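This report concerns only the one structure given below.
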Amino acid sequence: MAAILPRRSRRRVRWKAYLYVLPAFAFFAIFLGVPLLQTAQYSFYDWNGIGPSTWAGVQNYVDLILDQKLRDSFVHAGILIFFFAAVPVVLALALTAIISRGARMRGMSIFRTLLFLPQVIASVVVATTWVAIYSPNGLVNQLLRAVGLDSITTAWLGGFATALPAVGLIGSWLGIGLCLVLFLSGVANIQPELFESARLEGAGPVREFLSITLPALRGPIAVALTLTVVAALKTFDLVYITTHGGPGNATSVPAYEAYNRAFNTGQVGSAGAVAVVLTLLILIITVFIQKLQPKDVE
Amino acid sequence: MKKFSRRTVLSAGTAAAIALALEACAPGGSKTTTATSAAVSTDIASAGNVTLTVWDQNTDGGINTAQTQLNAAFMKEHPKVKIERVTRSFADLKTTLKLALTSKTAPDVVQVNQGYPDMGSFVQGQLIRPVDDYAKLYGWDSYYPQQLLDLNRFTPDGKTWQAGNLYGVSQTGEMVGLYYNKKILADLSLKAPRTISEFEALLPKIKAAGMLPISYGDVEKSPGIHIYGIVQAALAGKQAVSDLVTGKGGAWTDDSSVKAAQTLVDWVDKGYLTSDANGISRDAALAAFNSGKSAFTITGTWQLATVDKALGADAGFLVLAPDSSATPVTTGGEGLAWGITAASKNADAAAAYIDYVTNANASQVLIDTGNLPTVPPKDWAPKPNTLTADIASSWKSVNEGSGMVPYLDYSTPTFYDTLTAAVQELTAKQKSPTEFAAALQADYSAFIGKK
Amino acid sequence: MRIRRREMAFNYTVLIIFSAIAVIPLLGVLLSAVTPKGDPQGGFQLPSGLDLGNFVEAWNRGHFSTYMTSSALVTISVVVLTTIMSTLAGFAFARMDFPGKNALFFMLLAGLLLPAEAFIIPLYYNLRSAGITDTYWALILPQTAQSLAFGVFWMRNQFRTFPHEIMEAGRLDGASDWKLLWKVIVPPSIPAISTMCLLVAMWTWNEFLIPLIMVSSENLRTAPLGLAFFQGQHITDYSLLAAAGVIVALPIVLLYIFLQRRFISGMVNGISSR
């Protein structure tokens, strides 16, 4: 974000400003704002989406705790956060630590392009790709067979123990390149003299990382965490294409539950409650992660 | 991120609260009802050029061929009518039809799954049109057996199934059974089973010979309904399961239903089913059977053409009987009902089309392309010792002995989800048979209690 | 600073390994897409020959010409609408003072974080009663609203860093705000605006949930949605699915290859400043 605030020469109110803001705000209000409030309202009703609705009080929220299927979906989202956020951020940090000493390398832009590529591919395409990779004769099982691990080959997306980690690893794959690019460009902003003087003082790689690299990366880390955690909580497309929430309900996540309840099984109120809680979770976690941001960036 | 003052956040919050208060009227409060009172007619030419949008799920080999032929023939006979065909897999049709029906540009003709999850809620929402008037006009009410028509009936409030108005007719007969590989059984000197016990006695012998007994894949979730359905029907008997599905009595926690679940678990434990079945698609499971990699597979008559093409004279089909009875029982009935949407402006043309793809003439086309029509012609005599002959005779004996149990997922509006997830959990040993039964019963009693 | 050769080699090895991890699944799709029908499918192997027939078959059987047209139309509309409205609003938020400015901006900003599930359910029923579900509008309008949060934010940041002196010079010449915006500020901001367009285009093209819910007619379906249903029907036909996947991903990947600097800097800076 811009570090320099523009100098404001005159402080007079310009009412015309509202005309400039109006179209964007009207769009926002009609298509996001009001529906958002209606979602909250729906969540207090029992409605099948077709007939009349009845007031349900907080029953839909109580069900989030009582209904094991719903409770599980939030637990699954938590596990996905581990795979989508923790794995790539930690891994990318480790890699950054290793290569930070040579932060200025030739050919970086090619690597950046390749590392970033998964980000631009439609999630539906990513999902169909990974369905093939995890299939009984897919890449994963091929590799396992090649190293003589035939005994553990399986249909990864079809097993209760393996399906959720399998979906999660797709998220790790998506996140790792993004995190690396973010961290490496963060490191590139560190003045080389800092490393140089640290080395002169005889600091090893660990000290160097802890005292120079890591503090400098607080901003990028917060950004990476925000993006990946929110992506984990929002996961819908991947689950819809790869497993439809199965086997059983082993991979059902809140976003999928909200969709399925609202548009398939006629439990619109319950879907609303799931959506509300999911939204609150995302907002709270984002605010929390923002606290990691160094204070000096506005 | 920019820090916002407390006052800013508060005022945004207040604005939100006010908007919420303004919005405080219950969702789904008003619903305009459209009454269809126009006289019905078989004359569809006078309406001028008409485009009918048709949603079907006829994606499997044989039925796809039949549908393509029937559509072409219909358009040739009625040059003013253009058929826009939209094909979805069964799972995709289930997930998109509700949204499609509620839009202003709803399709004209749709295939609707019977029971509470789909047909019941569509009727309740007045999204599909009763077709009793067309049934009289085209003689559907006398062409189809009463019990099959009843499957497509609902009271106008969508609350009681198998009573009230007719909401469609079906093109194909359907029943789930055992496809078996005659050559494999002969090589092992085994006889085709007749009862569930005989079948279970074969399984260890096939397994011992190093052959997979039953090819089974359940990625799509619906095959779980079929495999549990036939075991439950054979163990509990037709009447008990029928009463359960139609809400007349009984519980999913009854002994024989739990025992059916235990049977499936035993099959998994003993390696009688494809391992990791929850990760194998139904197509892959069928392909394995078709290439001689298993002795049996459990699926419906809709796969007749595909199996016939692959195995030819080696393919057989049978339906198991309970131990104490001579009548085979199974799960099935008829294919999805072809209904007319309430939004369709061309109900006459839609009805003419539905009649065209389901009538006696269509039945012959269906047979010629390797399908089982809802009402097979009286003189239907397929070549003996063929797969078609097996299916024809099974169909006859099941219907004559009234051994047909409706599909289990019809039971409650959420039962498709509950049952298919529970079967996956059962076969993967995430749930014990008792827990499985309890999960089904919880869904079931909540619905029955509400009614 | 001298970097030891061994250290450098190690750095490259790490980068190469992780670039490979990012690319191999995608290469697998490409390989699979040109694998002839008879070859074993689903795995990662060199095909016995090059068969472009899968693309033709996927294109025809999956109705992708219709889907791609829909996607293009929706994407272009969303980009145009978003650009115009974001430019206007961004200008006001960056350069004007008015009561409630912060509150309004905060609300728009919240749009960046909202999951689609937060609003899609009532939005569907609202649009249905307005009679515009199952039309292009039901795709274009909500996705424009979704893109605006980012667009306004991006343009505001852009306009805030715009050199003050140039604006003042324009003011002294007696230009109105309107003229100032379009004649003085926008032309030098074209690179930033086009970066925003690229990102919005990518997000719109790749969107899945909104088309899944909002449209049901065959001819309105977008490419990712078409692919999802295509997969439902050809679940084990990996080569055909791979070919379809390549078709769906290709437009954005091509844009990315030619404009990758802009994509990456846009995403890194744009999302970083969230």
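Going by the structure tokens order, chains are called A, B, ..., each with residues numbered from 1, while ligands are numbered from 1 in the order shown.
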With a cut-off of 7 Å and counting only C-alpha atoms, select all residues of chain C in contact with chain B and give the selection as a CSV table (one decimal) with N, CA and C atoms, in the first residue's frame.
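Resulting contents of iface07.csv:
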```csv
chain,number,residue,atom,x,y,z
C,102,ASN,N,-14.9,7.0,4.8
C,102,ASN,CA,-14.2,5.8,5.3
C,102,ASN,C,-15.2,4.7,5.5
C,103,ALA,N,-16.4,5.0,6.0
C,103,ALA,CA,-17.4,3.9,6.2
C,103,ALA,C,-17.7,3.2,4.9
C,128,ARG,N,-33.9,-14.4,-9.0
C,128,ARG,CA,-35.0,-15.2,-9.6
C,128,ARG,C,-36.3,-14.4,-9.5
C,131,GLY,N,-36.5,-12.1,-12.1
C,131,GLY,CA,-36.6,-12.8,-13.5
C,131,GLY,C,-35.3,-12.8,-14.3
C,133,THR,N,-32.5,-14.7,-13.3
C,133,THR,CA,-31.6,-15.9,-13.3
C,133,THR,C,-31.7,-16.6,-14.7
C,134,ASP,N,-30.7,-17.4,-15.0
C,134,ASP,CA,-30.6,-18.0,-16.3
C,134,ASP,C,-30.6,-17.0,-17.4
C,213,ILE,N,-24.8,-21.9,-10.0
C,213,ILE,CA,-26.1,-21.6,-9.4
C,213,ILE,C,-27.0,-20.8,-10.3
C,216,SER,N,-28.9,-22.3,-15.9
C,216,SER,CA,-29.1,-23.7,-16.2
C,216,SER,C,-29.3,-24.0,-17.7
C,218,GLU,N,-28.2,-24.5,-21.4
C,218,GLU,CA,-27.0,-25.0,-22.0
C,218,GLU,C,-26.2,-23.9,-22.6
C,229,PHE,N,-19.5,-30.6,-15.9
C,229,PHE,CA,-20.5,-31.5,-16.3
C,229,PHE,C,-19.9,-32.5,-17.3
C,232,GLY,N,-18.5,-35.2,-15.3
C,232,GLY,CA,-19.6,-36.1,-14.8
C,232,GLY,C,-19.9,-37.2,-15.7
C,233,GLN,N,-19.9,-36.9,-17.0
C,233,GLN,CA,-20.3,-37.8,-18.0
C,233,GLN,C,-19.2,-38.7,-18.5
C,236,THR,N,-14.0,-41.5,-16.4
C,236,THR,CA,-12.8,-42.2,-16.5
C,236,THR,C,-12.1,-42.0,-17.8
C,273,SER,N,-1.3,-5.7,-0.7
C,273,SER,CA,-1.8,-4.5,0.0
C,273,SER,C,-3.2,-4.7,0.7
C,274,ARG,N,-3.7,-5.9,0.5
C,274,ARG,CA,-5.0,-6.1,1.2
C,274,ARG,C,-4.7,-6.1,2.7
```
**OP:** From a DSSP calculation on the backbone, collect every residue of region 119-261 of chain A in helix (DSSP H, G or I) and output the set as number ranges by chain.
**Re:** A: 119-120, 123-134, 139-146, 150-152, 156-158, 163-188, 192-200, 205-216, 218-234, 237-242, 254-261
**OP:** Pull out every residue of chain C sitting within 7 Å of chain A, counting only C-alpha atoms, and send them as a ChimeraX atom specification.
**Re:** /C:1,3,8,11,15,19,22-23,29,42-44,85-86,88-89,92,96-98,113-115,117-119,121-123,142,145,148,157,160-161,202,206,208,224,228,238,245,249,252-253,260,268,272-273
File dump, residues just selected, N, CA and C atoms, as a tab-separated table (two decimals), in the first residue's frame:
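Contents of part-v9.tsv, freshly written:
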```
chain	number	residue	atom	x	y	z
C	1	MET	N	28.70	-8.70	-2.68
C	1	MET	CA	28.76	-9.92	-1.89
C	1	MET	C	29.07	-11.10	-2.82
C	3	ILE	N	29.02	-14.90	-3.68
C	3	ILE	CA	28.25	-16.08	-3.30
C	3	ILE	C	28.98	-17.31	-3.79
C	8	MET	N	25.17	-21.40	-4.80
C	8	MET	CA	24.38	-21.01	-5.97
C	8	MET	C	23.74	-22.24	-6.61
C	11	ASN	N	20.91	-23.39	-4.58
C	11	ASN	CA	19.75	-22.53	-4.77
C	11	ASN	C	18.98	-22.90	-6.03
C	15	LEU	N	15.08	-24.32	-6.53
C	15	LEU	CA	14.11	-23.65	-7.40
C	15	LEU	C	13.62	-24.57	-8.51
C	19	SER	N	9.81	-25.65	-9.03
C	19	SER	CA	9.15	-25.28	-10.30
C	19	SER	C	8.62	-26.53	-10.97
C	22	ALA	N	5.44	-27.63	-9.47
C	22	ALA	CA	4.33	-26.79	-9.92
C	22	ALA	C	3.89	-27.16	-11.32
C	23	VAL	N	4.83	-27.57	-12.15
C	23	VAL	CA	4.53	-27.72	-13.57
C	23	VAL	C	4.16	-29.15	-13.97
C	29	VAL	N	-1.28	-33.16	-17.80
C	29	VAL	CA	-2.54	-32.90	-18.50
C	29	VAL	C	-2.28	-32.78	-20.00
C	42	GLY	N	-4.79	-42.10	-17.60
C	42	GLY	CA	-4.86	-41.67	-16.22
C	42	GLY	C	-3.50	-41.50	-15.59
C	43	GLY	N	-2.50	-42.16	-16.11
C	43	GLY	CA	-1.17	-42.05	-15.52
C	43	GLY	C	-0.34	-41.00	-16.22
C	44	PHE	N	0.93	-41.03	-15.91
C	44	PHE	CA	1.85	-40.07	-16.48
C	44	PHE	C	2.83	-40.85	-17.33
C	85	MET	N	-16.48	1.57	-13.31
C	85	MET	CA	-16.95	1.94	-11.98
C	85	MET	C	-15.81	2.06	-10.98
C	86	SER	N	-14.79	1.19	-11.13
C	86	SER	CA	-13.66	1.27	-10.21
C	86	SER	C	-12.88	2.55	-10.40
C	88	LEU	N	-14.03	5.44	-11.47
C	88	LEU	CA	-14.80	6.54	-10.87
C	88	LEU	C	-14.69	6.54	-9.36
C	89	ALA	N	-15.00	5.38	-8.76
C	89	ALA	CA	-15.02	5.32	-7.30
C	89	ALA	C	-13.61	5.48	-6.74
C	92	ALA	N	-12.70	9.08	-6.54
C	92	ALA	CA	-13.36	9.80	-5.44
C	92	ALA	C	-12.72	9.45	-4.10
C	96	MET	N	-10.96	12.92	-3.14
C	96	MET	CA	-12.04	13.81	-2.71
C	96	MET	C	-12.36	13.56	-1.25
C	97	ASP	N	-12.89	14.58	-0.62
C	97	ASP	CA	-13.33	14.44	0.77
C	97	ASP	C	-14.83	14.49	0.82
C	98	PHE	N	-15.42	13.55	1.50
C	98	PHE	CA	-16.87	13.61	1.67
C	98	PHE	C	-17.25	12.81	2.92
C	113	LEU	N	-13.14	-9.95	1.26
C	113	LEU	CA	-13.00	-11.12	2.13
C	113	LEU	C	-14.22	-12.03	2.09
C	114	LEU	N	-15.36	-11.50	1.65
C	114	LEU	CA	-16.58	-12.28	1.72
C	114	LEU	C	-16.48	-13.55	0.89
C	115	PRO	N	-16.78	-14.70	1.48
C	115	PRO	CA	-16.92	-15.89	0.65
C	115	PRO	C	-18.23	-15.78	-0.12
C	117	GLU	N	-20.45	-17.80	-0.51
C	117	GLU	CA	-21.57	-18.41	0.22
C	117	GLU	C	-22.29	-17.39	1.09
C	118	ALA	N	-21.59	-16.30	1.43
C	118	ALA	CA	-22.18	-15.32	2.33
C	118	ALA	C	-23.36	-14.60	1.68
C	119	PHE	N	-23.37	-14.52	0.37
C	119	PHE	CA	-24.45	-13.76	-0.26
C	119	PHE	C	-25.18	-14.50	-1.38
C	121	ILE	N	-26.88	-17.26	-1.66
C	121	ILE	CA	-28.17	-17.93	-1.48
C	121	ILE	C	-29.33	-16.94	-1.65
C	122	PRO	N	-29.35	-15.85	-0.85
C	122	PRO	CA	-30.44	-14.88	-1.08
C	122	PRO	C	-30.34	-14.21	-2.45
C	123	LEU	N	-29.10	-13.99	-2.90
C	123	LEU	CA	-28.93	-13.35	-4.21
C	123	LEU	C	-29.62	-14.16	-5.29
C	142	PRO	N	-23.51	-9.99	-10.63
C	142	PRO	CA	-22.88	-10.36	-9.35
C	142	PRO	C	-21.35	-10.41	-9.44
C	145	ALA	N	-19.98	-7.00	-9.19
C	145	ALA	CA	-20.00	-6.54	-7.80
C	145	ALA	C	-18.84	-7.14	-7.02
C	148	LEU	N	-15.58	-5.48	-7.96
C	148	LEU	CA	-15.46	-4.07	-7.62
C	148	LEU	C	-14.64	-3.85	-6.35
C	157	ASN	N	-5.56	3.08	-4.71
C	157	ASN	CA	-4.12	3.09	-4.43
C	157	ASN	C	-3.35	3.73	-5.58
C	160	ARG	N	-3.90	7.50	-5.59
C	160	ARG	CA	-3.31	8.19	-4.45
C	160	ARG	C	-1.84	8.51	-4.69
C	161	THR	N	-1.16	7.62	-5.42
C	161	THR	CA	0.26	7.85	-5.65
C	161	THR	C	0.49	8.73	-6.87
C	202	MET	N	-9.15	-12.89	-15.26
C	202	MET	CA	-8.79	-14.23	-14.82
C	202	MET	C	-9.78	-14.76	-13.80
C	206	ASN	N	-12.39	-17.94	-14.52
C	206	ASN	CA	-12.24	-19.16	-13.73
C	206	ASN	C	-13.37	-19.42	-12.75
C	208	PHE	N	-16.59	-20.51	-10.75
C	208	PHE	CA	-17.36	-21.74	-10.89
C	208	PHE	C	-18.72	-21.68	-10.19
C	224	PRO	N	-15.69	-23.34	-17.39
C	224	PRO	CA	-15.40	-24.21	-16.25
C	224	PRO	C	-16.60	-25.07	-15.87
C	228	ALA	N	-17.02	-29.16	-15.78
C	228	ALA	CA	-17.48	-29.93	-14.62
C	228	ALA	C	-18.51	-30.96	-15.04
C	238	TYR	N	-9.85	-40.08	-19.18
C	238	TYR	CA	-8.92	-39.03	-18.75
C	238	TYR	C	-8.38	-38.20	-19.90
C	245	GLY	N	-9.86	-29.85	-20.40
C	245	GLY	CA	-9.23	-28.98	-19.42
C	245	GLY	C	-8.28	-28.00	-20.06
C	249	ALA	N	-8.51	-23.92	-19.87
C	249	ALA	CA	-7.47	-23.13	-19.21
C	249	ALA	C	-6.70	-22.25	-20.18
C	252	ILE	N	-6.56	-18.09	-20.54
C	252	ILE	CA	-5.93	-17.36	-19.44
C	252	ILE	C	-4.44	-17.68	-19.38
C	253	VAL	N	-4.08	-18.95	-19.64
C	253	VAL	CA	-2.67	-19.30	-19.61
C	253	VAL	C	-1.90	-18.55	-20.70
C	260	GLN	N	3.09	-12.15	-18.18
C	260	GLN	CA	3.29	-12.71	-16.85
C	260	GLN	C	3.80	-11.70	-15.83
C	268	VAL	N	0.95	-9.91	-6.63
C	268	VAL	CA	1.78	-9.72	-5.45
C	268	VAL	C	1.50	-8.37	-4.80
C	272	SER	N	-1.01	-8.08	-1.81
C	272	SER	CA	-0.18	-7.75	-0.65
C	272	SER	C	-0.77	-6.58	0.10
C	273	SER	N	-1.35	-5.66	-0.66
C	273	SER	CA	-1.82	-4.46	0.01
C	273	SER	C	-3.18	-4.67	0.65
```
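Using only C-alpha atoms, the contacts of region 201-216 of chain B at a cut-off of 7 Å, with sequence neighbours closer than 4 positions omitted, comprise Ser197, Tyr272, Leu273, Thr274, Ala277, Ala285, Ala288, Phe289, Lys293, Ser294, Ala295, Phe296 and Thr297 of chain B.
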Subject >> Counting only C-alpha atoms, the option among B:Met404, B:Pro413, B:Val423, B:Asn71 closest to Ser121 (chain B) >> reply: B:Pro413
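Going from CA of Ala85 (chain A) over to CA of Leu214 (chain A), you cover 17.2 Å.
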Subject >> Close residues, Lys80 (chain B) itself excluded, 8 Å, only C-alpha atoms, min 4 positions apart in chain, as a ChimeraX atom specification >> reply: /B:45,48-50,75
Go ahead and save the picked residues with C-alpha atoms, as a CSV table (one decimal), in the first residue's frame.
```csv
chain,number,residue,atom,x,y,z
B,45,ALA,CA,-49.1,-28.7,-35.4
B,48,GLY,CA,-46.7,-23.3,-35.1
B,49,ASN,CA,-43.0,-23.6,-34.6
B,50,VAL,CA,-42.1,-24.9,-31.2
B,75,MET,CA,-38.7,-34.3,-35.3
```
Subject >> Backbone-only DSSP, strand (DSSP E or B) members of region 146-263 of chain B, as a list in words >> reply: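 Strand (DSSP E or B) members of region 146-263 of chain B, listed: Arg153, Phe154, Trp161, Asn165, Leu166, Val169, Ser170, Thr172, Gly173, Glu174, Met175, Val176, Gly177, Leu178, Tyr179, Tyr180, Asn181, Thr195, Leu212, Pro213, Ile214 and Ser215 of chain B.
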Only C-alpha atoms, please: the residues just picked out, written as a JSON list (two decimals), in the first residue's frame.
```json
[["chain", "number", "residue", "atom", "x", "y", "z"],
["B", 153, "ARG", "CA", -47.97, -39.96, -8.08],
["B", 154, "PHE", "CA", -47.98, -37.31, -5.39],
["B", 161, "TRP", "CA", -46.20, -40.15, -2.30],
["B", 165, "ASN", "CA", -51.97, -36.65, -9.18],
["B", 166, "LEU", "CA", -49.80, -38.27, -11.80],
["B", 169, "VAL", "CA", -44.54, -41.56, -17.04],
["B", 170, "SER", "CA", -41.40, -43.61, -17.36],
["B", 172, "THR", "CA", -37.78, -47.74, -19.14],
["B", 173, "GLY", "CA", -38.30, -50.52, -16.69],
["B", 174, "GLU", "CA", -35.54, -50.74, -14.15],
["B", 175, "MET", "CA", -34.41, -53.31, -11.69],
["B", 176, "VAL", "CA", -31.14, -53.94, -9.99],
["B", 177, "GLY", "CA", -29.69, -57.41, -10.21],
["B", 178, "LEU", "CA", -26.62, -59.52, -10.54],
["B", 179, "TYR", "CA", -24.84, -59.52, -13.84],
["B", 180, "TYR", "CA", -22.66, -62.59, -13.96],
["B", 181, "ASN", "CA", -20.01, -64.00, -16.25],
["B", 195, "THR", "CA", -31.26, -67.33, -3.44],
["B", 212, "LEU", "CA", -12.72, -61.08, -7.68],
["B", 213, "PRO", "CA", -16.31, -62.10, -6.82],
["B", 214, "ILE", "CA", -18.12, -58.75, -7.16],
["B", 215, "SER", "CA", -16.89, -55.71, -9.05]]
```
Subject >> Proximity to Gly401 (chain B) - best of B:Thr155, B:Thr327, B:Thr306, B:Ser142, only C-alpha atoms >> reply: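 Of B:Thr155, B:Thr327, B:Thr306, B:Ser142, the one nearest Gly401 (chain B), counting only C-alpha atoms, is B:Thr327.
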Original post:
Do you know which residues are at most 10 Å from Ala232 (chain A) counting only C-alpha atoms, after dropping those on the same chain fewer than 5 positions away, and could you put them as a list in words?
Top reply: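 Once the adjacent positions are removed, what remains is His76, Ala77, Gly78, Ile79, Leu80, Ile81, Phe82, Phe83, Phe84, Ala85, Gly168, Gly171, Ser172, Thr226, Leu227, Val253 and Ile282 of chain A.
With distances taken over only C-alpha atoms, B:Asn278 is the one residue among B:Asn278, B:Thr301, B:Asn113, B:Thr42 lying closest to chain A.
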Original post:
In Å to one decimal, how far is CA of Thr418 (chain B) from CA of Tyr61 (chain A)?
Top reply: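 Between CA of Tyr61 (chain A) and CA of Thr418 (chain B) the gap is 20.4 Å.
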Original post:
Using only C-alpha atoms, which residues sit within 6 Å of region 31-33 of chain C once same-chain residues fewer than 5 positions away are excluded, as a list in words?
Top reply: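 With the cut-off at 6 Å, the set is Ser239, Ala242 and Ala243 of chain C.
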Original post:
Restricting the calculation to only C-alpha atoms, which member of B:Asn58, B:Ser41, B:Ser275, B:Ser445 is positioned closest to chain A?
Top reply: B:Ser275
Subject >> Shell of 12 Å around Gly120 (chain B), only C-alpha atoms, local chain residues under 6 positions omitted, as a ChimeraX atom specification >> reply: /A:48,50-51,265-266 /B:98,112-114,126-128,151-167,410-414
